[in-house]
Amino acid sequence: MWDYSDKVKEHFFNPKNAGAVADANATGEVGSISCGDALRLTLKVDDDTEVILEAGFQTFGCGSAIASSSVLTEMIIGKTIDEALQVTNQDIAAQLEGLPPEKMHCSVMGREALQAAIANYRGEVWKDDHEEGALICKCFAIDAVMIEEMVWANKLRTVEDVTNFTKAGGGCASCHEDIEAILEKVLAEKGEKFDPGAAPVAQPEKIAAVKTPLTNLQRIKKIEEVLESLRPALMADGGDVELVEVIGNTAYVKMTGACNGCQMAAMTIAGIQQRLMEVMGEFIKVVPATEMAKLTNIEVA
Amino acid sequence: MADIYLDNNATTKVDHEVVDVMIPYFLEQYGNPSSIHKFADGVARGLKNARQQVQALIGCEHDSEIIFTSCGTESNSTALLSAIKAQPNKKEIITTTVEHPAILNLCEYLEKEGYTIHRLPVDKAGRLNVESYKKLLSDQVAIVSVMWANNETGTIFPVAEMAELANAAGVMFHTDAVQAVGKIPMMLQDTKIDMLSLSGHKLHAPKGIGVLYLRRGTRYRPLLRGGHQERGRRAGTENTASIVGLGKACELALRYIEYENTTVKELRDRLEKGITESIPHCFVTGDLYNRLPNTTDIAFEYIEGESILMLLNKSGIAASSGSACTSGSLEPSHVMRAMDIPYTAAHGTIRFSFSRYNTLSEVDEVLKVMPGIVATLRKLSPYWDGNGPVANPEQAFAPTYA
């Protein structure tokens, strides 16, 4: 079964604010096509202050769908609707101490129900703008629709291209056959033929590998440079990384945005570590900055 | 109460007697069966004995028709790929929409390679239409592959009859009998089945051992070439301990097959009756009158399977579900979709599958907790209102799907 966090289990076994709010004045009903789950969120909003006084959920779905709904209601009660709209699906996942990559869509459903309910309160009709497809790359949670769009938009031709543009296939590499199938399909639609040996459309920025011993300052600068080169890919996912400290061969980093709260953060960190070791030519351990608190010999601000 | 295991179609506990006969093959008779020294002395005899034990369970004519493989999937792949390699001019395959992924995904791959795949549909009770099957048989068909019994619903297919029809049309017939072997009696020598797959771990042998039955005279091309093992039909050093274990498991399955079809069946029926009588808005899926004795698949409407499993697990009960969420795939089970089960029910299907180890008190324990679990989840469901589903559930709750 899934590796659910204690927080997910807590909200599943003892859901908060289950059921519809009596005399609600905002209702959002959304479903996730990717697993058949569906959620109705009802809110009671104070018309003068626009503060959410009550929130209730009714969910047809799996453990993480129920937990996401439950934690969402807790997060938004007491907020104004403008404040509530700031809640992202990553916030929901983070509040649940992370969700498995296959289950991140449950947090998306929660966020969409909230948007739909607020649109309903304002007398608007909420329209969903993103489509979800079959999960292809489990390391980085990239689905087929995303890959197809990127192949079309950027005229990608090889698996390497797809990895450079979407990260898909950049982890364990097991999904390369599926990525090739997508390339074959899209290229056929364009009247082209898939050629695994085609030249990549764009080379990722290459950073010269370190050859001579570095001073401490040079070393830190070089690590920064590598992180800088990885940043665009992370930001494409709504995440970011920041170097906090380097002690010996350990680099402490802070994962922010979408990376925070996603269980894949560990996978991303492994990818950063791999890249750093390639360039630096030495063993470097990348560790979340939160681990620094466990060190006894340094002061943590 | 100790934990209750009702997921025997997924895999089974290895019988203690099976473990006991395996141990010497790890610690004493660990020689390579091809070697000529005392460490390999009894191994060839052990393999021969196991082959005969498998033969007795499936009722085939010769023990040399038994090829040991690593699992059911390997047996399935070997069978289909052998048929197309041996008959390169035949470009069609007939199978069903409700096969295990071990067959379906292989066929999907072969389709990309240019093969035409005919997938027989099933009706709402999961039954095949033999008439439409007859029309598809031709000299273009390399092989027919139809499961003996469905893993989710337990529905049994008329494979003996279908094999006769294939044989009359000059077409090879394979059956994935992974769920059927050991649960229902079979006598292969009285049928026209050319190839059959079985898997050890479904009948109290360990994981990692399977069998391909290959009728003598069936044209065959090995999947693995190399050494002379299995008469050159499946190269690779024999998994001796597991083969001996599988032999013992087959002997035990034969001994218990009546028990399986009487006592185990009664347990299944008691659970099924108890649940459908005490819980409103649930129904049994598949062909109720033609099923494996150990399986029941019940759809609980308006709630979702993974949630049910998590609450069952909390009560120490193991089962499985056809819900999309439990597999990480996009759709509810292809078997439920093939039977045209509405999705508010398909997502809430729970399969309870028994073995000879289950007891009456276990069934009663499940009956005690199940109504509460369903009620708890229905309280959360947007399709449910108080004591029953909302009026016109599909209209009353029509979310925007993304």
# chains A, B, ... in the order shown; residues from 1 in each chain; ligands from 1
call {"tool": "residues_around", "arguments": {"residues": "range 63-71 of chain A", "least_positions_apart": "2", "cutoff": "6 Å", "atoms": "only C-alpha atoms", "output": "ChimeraX atom specification"}}
result
/A:8,11-12,15-16,61,73-74,106-107,110 /B:307
call {"tool": "closest_atom_pairs", "arguments": {"of": "chain A", "to": "chain B", "cutoff": "10 Å", "atoms": "only C-alpha atoms", "output": "CSV"}}
result
residue,atom,partner,partner_atom,distance
A:Met1,CA,B:Thr326,CA,7.3
A:Trp2,CA,B:Thr326,CA,8.1
A:Lys9,CA,B:Met310,CA,9.1
A:Phe12,CA,B:Ser307,CA,8.4
A:Phe13,CA,B:Leu311,CA,7.8
A:Pro15,CA,B:Leu380,CA,9.0
A:Asn17,CA,B:Leu380,CA,9.8
A:Ala18,CA,B:Leu380,CA,6.0
A:Gly19,CA,B:Leu380,CA,6.0
A:Ala20,CA,B:Pro382,CA,8.6
A:Gly28,CA,B:Pro399,CA,8.1
A:Glu29,CA,B:Pro399,CA,4.5
A:Val30,CA,B:Pro399,CA,4.4
A:Gly31,CA,B:Tyr401,CA,4.5
A:Ser32,CA,B:Ala402,CA,5.3
A:Ile33,CA,B:Ala402,CA,5.6
A:Ser34,CA,B:Leu330,CA,4.8
A:Cys35,CA,B:Leu330,CA,5.3
A:Gly36,CA,B:Glu331,CA,7.4
A:Asp37,CA,B:Glu304,CA,8.1
A:Ala38,CA,B:Pro399,CA,6.8
A:Leu39,CA,B:Pro382,CA,7.1
A:Arg40,CA,B:Pro382,CA,6.4
A:Leu41,CA,B:Pro382,CA,9.5
A:Gly56,CA,B:Leu380,CA,9.9
A:Phe57,CA,B:Leu380,CA,7.4
A:Gln58,CA,B:Pro382,CA,4.8
A:Thr59,CA,B:Ser381,CA,5.0
A:Phe60,CA,B:Ser381,CA,5.1
A:Gly61,CA,B:Glu304,CA,5.1
A:Cys62,CA,B:Ser307,CA,4.9
A:Gly63,CA,B:Ser307,CA,5.0
A:Ser64,CA,B:Ser307,CA,8.7
A:Ala65,CA,B:Ser307,CA,9.2
A:Ile66,CA,B:Leu380,CA,8.4
A:Pro101,CA,B:Gly328,CA,9.7
A:Glu102,CA,B:Gly328,CA,6.1
A:Lys103,CA,B:Gly328,CA,8.1
A:Val108,CA,B:Ala402,CA,9.8
A:Met109,CA,B:Ala402,CA,8.4
A:Glu112,CA,B:Ala402,CA,9.0
A:Ala113,CA,B:Thr400,CA,9.3
A:Ala116,CA,B:Thr400,CA,9.1
A:Trp126,CA,B:Thr400,CA,8.9
A:Lys127,CA,B:Thr400,CA,8.1
A:Asp128,CA,B:Ala402,CA,6.3
A:Asp129,CA,B:Ala402,CA,8.0
A:His130,CA,B:Ala402,CA,6.8
A:Glu131,CA,B:Ala402,CA,6.0
A:Glu132,CA,B:Ala402,CA,6.9
A:Gly133,CA,B:Leu330,CA,8.0
A:Ala134,CA,B:Leu330,CA,6.2
A:Leu135,CA,B:Ser329,CA,7.9
call {"tool": "residues_around", "arguments": {"residues": "Ile182 in chain A", "least_positions_apart": "2", "cutoff": "8 Å", "atoms": "only C-alpha atoms", "output": "JSON, numbers by chain"}}
result
{"A": [144, 147, 148, 178, 179, 180, 184, 185, 186]}
call {"tool": "write_last_selection", "arguments": {"atoms": "C-alpha atoms", "output": "mmCIF file, in the first residue's frame"}}
result
data_model
loop_
_atom_site.group_PDB
_atom_site.id
_atom_site.type_symbol
_atom_site.label_atom_id
_atom_site.label_comp_id
_atom_site.auth_asym_id
_atom_site.auth_seq_id
_atom_site.Cartn_x
_atom_site.Cartn_y
_atom_site.Cartn_z
ATOM 1 C CA ALA A 144 1.748 12.223 -20.490
ATOM 2 C CA ILE A 147 5.280 15.624 -22.041
ATOM 3 C CA GLU A 148 3.129 15.757 -25.179
ATOM 4 C CA ASP A 178 6.942 5.181 -22.461
ATOM 5 C CA ILE A 179 8.591 8.489 -23.399
ATOM 6 C CA GLU A 180 9.717 6.991 -26.710
ATOM 7 C CA GLU A 184 6.636 8.250 -31.742
ATOM 8 C CA LYS A 185 2.985 9.271 -31.458
ATOM 9 C CA VAL A 186 3.518 13.032 -31.560
#
call {"tool": "select_by_dssp", "arguments": {"residues": "range 194-347 of chain B", "states": "alpha helix (DSSP H)", "output": "PyMOL selection string"}}
result
chain B and resi 240-259+265-278+305-314+334-338+343-346
call {"tool": "write_last_selection", "arguments": {"atoms": "N, CA and C atoms", "output": "compact mmCIF listing (two decimals), in the first residue's frame"}}
result
# COMPACT_ATOMS: atom_id res chain seq x y z
N THR B 240 15.73 -25.45 -7.89
CA THR B 240 15.39 -26.78 -7.36
C THR B 240 14.49 -26.73 -6.12
N ALA B 241 14.86 -25.93 -5.13
CA ALA B 241 14.07 -25.91 -3.90
C ALA B 241 12.62 -25.51 -4.19
N SER B 242 12.45 -24.49 -5.03
CA SER B 242 11.09 -24.03 -5.32
C SER B 242 10.32 -25.04 -6.15
N ILE B 243 11.03 -25.73 -7.06
CA ILE B 243 10.34 -26.75 -7.87
C ILE B 243 9.82 -27.86 -6.96
N VAL B 244 10.67 -28.30 -6.03
CA VAL B 244 10.25 -29.35 -5.10
C VAL B 244 9.10 -28.84 -4.23
N GLY B 245 9.20 -27.57 -3.82
CA GLY B 245 8.13 -26.98 -3.02
C GLY B 245 6.82 -26.91 -3.80
N LEU B 246 6.92 -26.52 -5.07
CA LEU B 246 5.70 -26.45 -5.89
C LEU B 246 5.08 -27.83 -6.04
N GLY B 247 5.94 -28.84 -6.20
CA GLY B 247 5.43 -30.22 -6.31
C GLY B 247 4.60 -30.57 -5.08
N LYS B 248 5.18 -30.28 -3.90
CA LYS B 248 4.47 -30.59 -2.66
C LYS B 248 3.16 -29.81 -2.59
N ALA B 249 3.21 -28.53 -2.99
CA ALA B 249 2.01 -27.68 -2.93
C ALA B 249 0.92 -28.25 -3.84
N CYS B 250 1.32 -28.81 -5.00
CA CYS B 250 0.34 -29.40 -5.91
C CYS B 250 -0.28 -30.65 -5.29
N GLU B 251 0.57 -31.44 -4.62
CA GLU B 251 0.06 -32.64 -3.95
C GLU B 251 -0.99 -32.24 -2.90
N LEU B 252 -0.66 -31.19 -2.13
CA LEU B 252 -1.59 -30.73 -1.09
C LEU B 252 -2.86 -30.15 -1.71
N ALA B 253 -2.71 -29.40 -2.81
CA ALA B 253 -3.88 -28.80 -3.46
C ALA B 253 -4.85 -29.89 -3.91
N LEU B 254 -4.28 -30.98 -4.43
CA LEU B 254 -5.12 -32.08 -4.88
C LEU B 254 -5.84 -32.71 -3.69
N ARG B 255 -5.10 -32.82 -2.58
CA ARG B 255 -5.69 -33.42 -1.37
C ARG B 255 -6.84 -32.55 -0.86
N TYR B 256 -6.69 -31.22 -0.99
CA TYR B 256 -7.68 -30.30 -0.40
C TYR B 256 -8.73 -29.81 -1.41
N ILE B 257 -8.70 -30.32 -2.64
CA ILE B 257 -9.55 -29.69 -3.65
C ILE B 257 -11.04 -29.85 -3.33
N GLU B 258 -11.39 -30.95 -2.66
CA GLU B 258 -12.79 -31.13 -2.29
C GLU B 258 -13.14 -30.16 -1.15
N TYR B 259 -12.22 -30.05 -0.21
CA TYR B 259 -12.39 -29.11 0.91
C TYR B 259 -12.60 -27.69 0.39
N LYS B 265 -15.85 -22.86 0.12
CA LYS B 265 -16.97 -22.26 -0.60
C LYS B 265 -18.06 -21.80 0.37
N GLU B 266 -18.33 -22.62 1.40
CA GLU B 266 -19.34 -22.23 2.38
C GLU B 266 -18.93 -20.96 3.13
N LEU B 267 -17.65 -20.86 3.45
CA LEU B 267 -17.17 -19.65 4.12
C LEU B 267 -17.41 -18.44 3.23
N ARG B 268 -17.03 -18.58 1.96
CA ARG B 268 -17.22 -17.50 0.99
C ARG B 268 -18.70 -17.11 0.91
N ASP B 269 -19.54 -18.12 0.79
CA ASP B 269 -20.98 -17.85 0.64
C ASP B 269 -21.55 -17.18 1.89
N ARG B 270 -21.06 -17.60 3.05
CA ARG B 270 -21.54 -17.02 4.30
C ARG B 270 -21.18 -15.53 4.37
N LEU B 271 -19.95 -15.22 3.96
CA LEU B 271 -19.52 -13.82 3.98
C LEU B 271 -20.34 -12.99 3.00
N GLU B 272 -20.49 -13.54 1.80
CA GLU B 272 -21.20 -12.83 0.74
C GLU B 272 -22.65 -12.57 1.13
N LYS B 273 -23.31 -13.60 1.67
CA LYS B 273 -24.71 -13.48 2.07
C LYS B 273 -24.82 -12.47 3.21
N GLY B 274 -23.94 -12.60 4.19
CA GLY B 274 -23.97 -11.71 5.35
C GLY B 274 -23.81 -10.26 4.95
N ILE B 275 -22.87 -10.00 4.05
CA ILE B 275 -22.63 -8.61 3.64
C ILE B 275 -23.80 -8.06 2.84
N THR B 276 -24.24 -8.82 1.84
CA THR B 276 -25.31 -8.28 0.99
C THR B 276 -26.62 -8.14 1.75
N GLU B 277 -26.80 -8.93 2.83
CA GLU B 277 -28.04 -8.79 3.61
C GLU B 277 -27.98 -7.65 4.62
N SER B 278 -26.77 -7.38 5.12
CA SER B 278 -26.70 -6.38 6.19
C SER B 278 -26.35 -4.99 5.67
N GLY B 305 -12.85 2.27 -2.97
CA GLY B 305 -12.22 1.05 -2.46
C GLY B 305 -11.01 1.24 -1.57
N GLU B 306 -10.14 2.17 -1.93
CA GLU B 306 -8.93 2.30 -1.11
C GLU B 306 -9.27 2.72 0.32
N SER B 307 -10.27 3.60 0.45
CA SER B 307 -10.70 4.02 1.78
C SER B 307 -11.22 2.81 2.57
N ILE B 308 -11.99 1.96 1.88
CA ILE B 308 -12.52 0.77 2.55
C ILE B 308 -11.36 -0.12 3.02
N LEU B 309 -10.37 -0.31 2.12
CA LEU B 309 -9.23 -1.17 2.46
C LEU B 309 -8.45 -0.63 3.65
N MET B 310 -8.31 0.72 3.71
CA MET B 310 -7.55 1.31 4.82
C MET B 310 -8.27 1.08 6.14
N LEU B 311 -9.60 1.17 6.12
CA LEU B 311 -10.35 0.93 7.36
C LEU B 311 -10.36 -0.56 7.70
N LEU B 312 -10.44 -1.42 6.68
CA LEU B 312 -10.36 -2.86 6.93
C LEU B 312 -9.01 -3.20 7.54
N ASN B 313 -7.96 -2.62 6.96
CA ASN B 313 -6.60 -2.88 7.43
C ASN B 313 -6.45 -2.48 8.90
N LYS B 314 -7.13 -1.38 9.26
CA LYS B 314 -7.06 -0.92 10.64
C LYS B 314 -7.71 -1.95 11.58
N HIS B 334 -9.98 -2.68 -15.24
CA HIS B 334 -10.46 -2.93 -16.60
C HIS B 334 -11.53 -4.01 -16.61
N VAL B 335 -11.52 -4.89 -15.61
CA VAL B 335 -12.52 -5.95 -15.54
C VAL B 335 -13.89 -5.33 -15.23
N MET B 336 -13.92 -4.39 -14.29
CA MET B 336 -15.17 -3.73 -13.93
C MET B 336 -15.69 -2.89 -15.11
N ARG B 337 -14.77 -2.23 -15.80
CA ARG B 337 -15.20 -1.43 -16.95
C ARG B 337 -15.75 -2.33 -18.05
N ALA B 338 -15.09 -3.48 -18.26
CA ALA B 338 -15.54 -4.40 -19.30
C ALA B 338 -16.94 -4.91 -19.00
N TYR B 343 -19.35 3.75 -12.59
CA TYR B 343 -18.08 4.01 -11.92
C TYR B 343 -18.22 4.30 -10.43
N THR B 344 -19.41 4.79 -10.01
CA THR B 344 -19.61 5.00 -8.56
C THR B 344 -19.62 3.67 -7.81
N ALA B 345 -19.80 2.57 -8.54
CA ALA B 345 -19.74 1.25 -7.91
C ALA B 345 -18.39 0.59 -8.18
N ALA B 346 -17.87 0.78 -9.42
CA ALA B 346 -16.61 0.13 -9.80
C ALA B 346 -15.47 0.55 -8.88
call {"tool": "atom_distance", "arguments": {"atom1": "CA of Ala44 in chain B", "atom2": "CA of Tyr213 in chain B"}}
result
19.4 Å
call {"tool": "residues_around", "arguments": {"residues": "Ser77 in chain B", "least_positions_apart": "4", "cutoff": "9 Å", "atoms": "only C-alpha atoms", "output": "list in words"}}
result
Gly72, Thr73, Leu81, Ser82, Ala102, Ile103, Leu106 and Leu223 of chain B
call {"tool": "residues_around", "arguments": {"residues": "Met280 in chain A", "least_positions_apart": "4", "cutoff": "12 Å", "atoms": "only C-alpha atoms", "output": "mmCIF file with N, CA and C atoms, in the first residue's frame"}}
result
data_model
loop_
_atom_site.group_PDB
_atom_site.id
_atom_site.type_symbol
_atom_site.label_atom_id
_atom_site.label_comp_id
_atom_site.auth_asym_id
_atom_site.auth_seq_id
_atom_site.Cartn_x
_atom_site.Cartn_y
_atom_site.Cartn_z
ATOM 1 N N ILE A 207 28.541 22.946 -17.486
ATOM 2 C CA ILE A 207 29.459 23.625 -16.580
ATOM 3 C C ILE A 207 30.741 22.812 -16.557
ATOM 4 N N ALA A 208 31.861 23.508 -16.763
ATOM 5 C CA ALA A 208 33.140 22.806 -16.818
ATOM 6 C C ALA A 208 33.382 22.074 -15.509
ATOM 7 N N ALA A 209 33.804 20.819 -15.625
ATOM 8 C CA ALA A 209 34.100 20.047 -14.428
ATOM 9 C C ALA A 209 35.361 20.594 -13.765
ATOM 10 N N VAL A 210 35.423 20.412 -12.462
ATOM 11 C CA VAL A 210 36.561 20.923 -11.695
ATOM 12 C C VAL A 210 37.766 20.015 -11.897
ATOM 13 N N LYS A 211 38.906 20.598 -12.192
ATOM 14 C CA LYS A 211 40.095 19.768 -12.416
ATOM 15 C C LYS A 211 41.120 19.945 -11.299
ATOM 16 N N THR A 212 41.285 21.207 -10.835
ATOM 17 C CA THR A 212 42.316 21.465 -9.819
ATOM 18 C C THR A 212 41.662 21.703 -8.467
ATOM 19 N N PRO A 213 42.441 21.521 -7.390
ATOM 20 C CA PRO A 213 41.870 21.770 -6.069
ATOM 21 C C PRO A 213 41.393 23.216 -5.948
ATOM 22 N N LEU A 214 40.287 23.414 -5.239
ATOM 23 C CA LEU A 214 39.696 24.745 -5.118
ATOM 24 C C LEU A 214 39.899 25.277 -3.713
ATOM 25 N N GLN A 218 36.126 29.340 -3.656
ATOM 26 C CA GLN A 218 35.880 28.900 -5.033
ATOM 27 C C GLN A 218 34.912 27.714 -5.049
ATOM 28 N N ARG A 219 35.103 26.845 -4.045
ATOM 29 C CA ARG A 219 34.300 25.637 -3.981
ATOM 30 C C ARG A 219 32.822 25.998 -3.780
ATOM 31 N N ILE A 220 32.569 26.902 -2.855
ATOM 32 C CA ILE A 220 31.190 27.310 -2.584
ATOM 33 C C ILE A 220 30.593 27.997 -3.810
ATOM 34 N N LYS A 221 31.416 28.822 -4.479
ATOM 35 C CA LYS A 221 30.929 29.517 -5.680
ATOM 36 C C LYS A 221 30.545 28.513 -6.758
ATOM 37 N N LYS A 222 31.388 27.470 -6.883
ATOM 38 C CA LYS A 222 31.138 26.448 -7.911
ATOM 39 C C LYS A 222 29.825 25.709 -7.603
ATOM 40 N N ILE A 223 29.617 25.394 -6.322
ATOM 41 C CA ILE A 223 28.377 24.701 -5.930
ATOM 42 C C ILE A 223 27.179 25.588 -6.273
ATOM 43 N N GLU A 224 27.316 26.882 -5.970
ATOM 44 C CA GLU A 224 26.256 27.844 -6.309
ATOM 45 C C GLU A 224 25.963 27.822 -7.811
ATOM 46 N N GLU A 225 27.060 27.770 -8.580
ATOM 47 C CA GLU A 225 26.933 27.797 -10.039
ATOM 48 C C GLU A 225 26.125 26.587 -10.542
ATOM 49 N N VAL A 226 26.424 25.413 -9.961
ATOM 50 C CA VAL A 226 25.695 24.195 -10.350
ATOM 51 C C VAL A 226 24.218 24.327 -9.985
ATOM 52 N N ASN A 249 32.100 18.075 3.348
ATOM 53 C CA ASN A 249 31.577 17.659 2.052
ATOM 54 C C ASN A 249 30.053 17.626 2.048
ATOM 55 N N ILE A 272 20.274 16.536 -7.505
ATOM 56 C CA ILE A 272 21.189 17.668 -7.320
ATOM 57 C C ILE A 272 22.554 17.149 -6.866
ATOM 58 N N GLN A 273 22.520 16.193 -5.944
ATOM 59 C CA GLN A 273 23.763 15.629 -5.418
ATOM 60 C C GLN A 273 24.573 14.970 -6.541
ATOM 61 N N GLN A 274 23.855 14.222 -7.394
ATOM 62 C CA GLN A 274 24.509 13.536 -8.511
ATOM 63 C C GLN A 274 25.228 14.550 -9.407
ATOM 64 N N ARG A 275 24.497 15.623 -9.746
ATOM 65 C CA ARG A 275 25.030 16.648 -10.635
ATOM 66 C C ARG A 275 26.243 17.341 -9.990
ATOM 67 N N LEU A 276 26.119 17.622 -8.706
ATOM 68 C CA LEU A 276 27.222 18.279 -7.995
ATOM 69 C C LEU A 276 28.471 17.406 -8.007
ATOM 70 N N ILE A 284 30.004 14.649 -2.605
ATOM 71 C CA ILE A 284 29.305 15.736 -1.925
ATOM 72 C C ILE A 284 27.939 15.224 -1.500
ATOM 73 N N LYS A 285 27.630 15.486 -0.255
ATOM 74 C CA LYS A 285 26.342 15.040 0.254
ATOM 75 C C LYS A 285 25.418 16.255 0.310
#
call {"tool": "closest_residue", "arguments": {"among": "A:Ser174, A:Thr80, A:Asn14, A:Gln90", "to": "Lys44 in chain A", "atoms": "only C-alpha atoms"}}
result
A:Thr80
call {"tool": "residues_around", "arguments": {"residues": "Asp48 in chain A", "least_positions_apart": "4", "cutoff": "12 Å", "atoms": "only C-alpha atoms", "output": "MDAnalysis selection string"}}
result
chainID A and resid 52:53 80:81
call {"tool": "select_by_dssp", "arguments": {"residues": "range 180-376 of chain B", "states": "strand (DSSP E)", "output": "list in words"}}
result
Met195, Leu196, Ser197, Leu198, Ser199, Gly210, Val211, Leu212, Tyr213, Leu214, Cys282, Phe283, Val284, Thr295, Thr296, Asp297, Ile298, Ala299, Phe300, Ile317, Ala318, Ser320, Ser321, Thr349, Ile350, Arg351, Phe352 and Ser353 of chain B
call {"tool": "write_last_selection", "arguments": {"atoms": "N, CA and C atoms", "output": "short mmCIF file (atom, residue, chain, number, x, y, z; two decimals), in the first residue's frame"}}
result
data_model
loop_
_atom_site.label_atom_id
_atom_site.label_comp_id
_atom_site.auth_asym_id
_atom_site.auth_seq_id
_atom_site.Cartn_x
_atom_site.Cartn_y
_atom_site.Cartn_z
N MET B 195 -1.58 -25.21 -24.30
CA MET B 195 -0.65 -24.64 -23.33
C MET B 195 -1.43 -24.06 -22.15
N LEU B 196 -0.84 -24.15 -20.97
CA LEU B 196 -1.49 -23.64 -19.76
C LEU B 196 -0.43 -23.05 -18.84
N SER B 197 -0.73 -21.90 -18.24
CA SER B 197 0.20 -21.28 -17.30
C SER B 197 -0.32 -21.45 -15.89
N LEU B 198 0.60 -21.76 -14.97
CA LEU B 198 0.22 -21.74 -13.56
C LEU B 198 1.35 -21.12 -12.75
N SER B 199 0.99 -20.67 -11.54
CA SER B 199 1.94 -19.94 -10.72
C SER B 199 1.93 -20.53 -9.32
N GLY B 210 6.90 -21.08 -11.51
CA GLY B 210 5.70 -21.26 -12.31
C GLY B 210 5.86 -22.46 -13.20
N VAL B 211 4.81 -22.73 -13.96
CA VAL B 211 4.84 -23.87 -14.88
C VAL B 211 4.18 -23.45 -16.18
N LEU B 212 4.78 -23.91 -17.28
CA LEU B 212 4.07 -23.88 -18.56
C LEU B 212 3.80 -25.32 -18.94
N TYR B 213 2.53 -25.65 -19.05
CA TYR B 213 2.17 -26.97 -19.57
C TYR B 213 2.19 -26.85 -21.08
N LEU B 214 2.89 -27.79 -21.73
CA LEU B 214 2.99 -27.78 -23.19
C LEU B 214 2.60 -29.16 -23.71
N CYS B 282 -25.20 -2.66 -2.12
CA CYS B 282 -23.98 -3.33 -2.55
C CYS B 282 -24.41 -4.56 -3.35
N PHE B 283 -23.55 -4.99 -4.26
CA PHE B 283 -23.90 -6.16 -5.06
C PHE B 283 -22.64 -6.93 -5.45
N VAL B 284 -22.85 -8.23 -5.73
CA VAL B 284 -21.74 -9.10 -6.09
C VAL B 284 -21.52 -8.99 -7.59
N THR B 295 -13.72 -17.01 -4.21
CA THR B 295 -13.68 -15.58 -4.52
C THR B 295 -15.05 -14.94 -4.46
N THR B 296 -15.11 -13.75 -3.84
CA THR B 296 -16.29 -12.90 -4.02
C THR B 296 -15.82 -11.48 -4.19
N ASP B 297 -16.44 -10.80 -5.15
CA ASP B 297 -16.07 -9.42 -5.44
C ASP B 297 -17.33 -8.58 -5.28
N ILE B 298 -17.32 -7.72 -4.27
CA ILE B 298 -18.55 -6.99 -3.92
C ILE B 298 -18.35 -5.50 -4.17
N ALA B 299 -19.30 -4.91 -4.89
CA ALA B 299 -19.24 -3.47 -5.16
C ALA B 299 -20.08 -2.74 -4.12
N PHE B 300 -19.44 -1.84 -3.38
CA PHE B 300 -20.14 -1.00 -2.41
C PHE B 300 -20.35 0.35 -3.07
N ILE B 317 -7.87 -6.65 8.76
CA ILE B 317 -8.41 -7.49 7.68
C ILE B 317 -7.78 -7.10 6.34
N ALA B 318 -7.25 -8.09 5.63
CA ALA B 318 -6.59 -7.83 4.34
C ALA B 318 -7.47 -8.30 3.20
N SER B 320 -8.57 -6.81 -1.24
CA SER B 320 -8.06 -5.91 -2.27
C SER B 320 -9.22 -5.28 -3.03
N SER B 321 -8.88 -4.31 -3.89
CA SER B 321 -9.92 -3.51 -4.52
C SER B 321 -9.66 -3.29 -6.00
N THR B 349 -15.29 -1.49 -5.39
CA THR B 349 -15.32 -2.96 -5.34
C THR B 349 -14.23 -3.49 -4.42
N ILE B 350 -14.62 -4.48 -3.63
CA ILE B 350 -13.68 -5.15 -2.73
C ILE B 350 -13.71 -6.64 -3.03
N ARG B 351 -12.52 -7.20 -3.26
CA ARG B 351 -12.43 -8.65 -3.49
C ARG B 351 -11.96 -9.34 -2.22
N PHE B 352 -12.78 -10.28 -1.76
CA PHE B 352 -12.37 -11.14 -0.65
C PHE B 352 -12.03 -12.50 -1.26
N SER B 353 -10.80 -12.97 -1.10
CA SER B 353 -10.46 -14.28 -1.65
C SER B 353 -9.89 -15.17 -0.55
#
call {"tool": "residues_around", "arguments": {"residues": "His204 in chain B", "least_positions_apart": "3", "cutoff": "8 Å", "atoms": "only C-alpha atoms", "output": "list in words"}}
result
Thr12, Lys13, Val14, Asp15, Val18, Gly200, His201 and Ala249 of chain B
call {"tool": "closest_residue", "arguments": {"among": "A:Trp152, A:Phe283, A:Phe194, A:Phe140", "to": "Cys172 in chain A", "atoms": "only C-alpha atoms"}}
result
A:Phe140
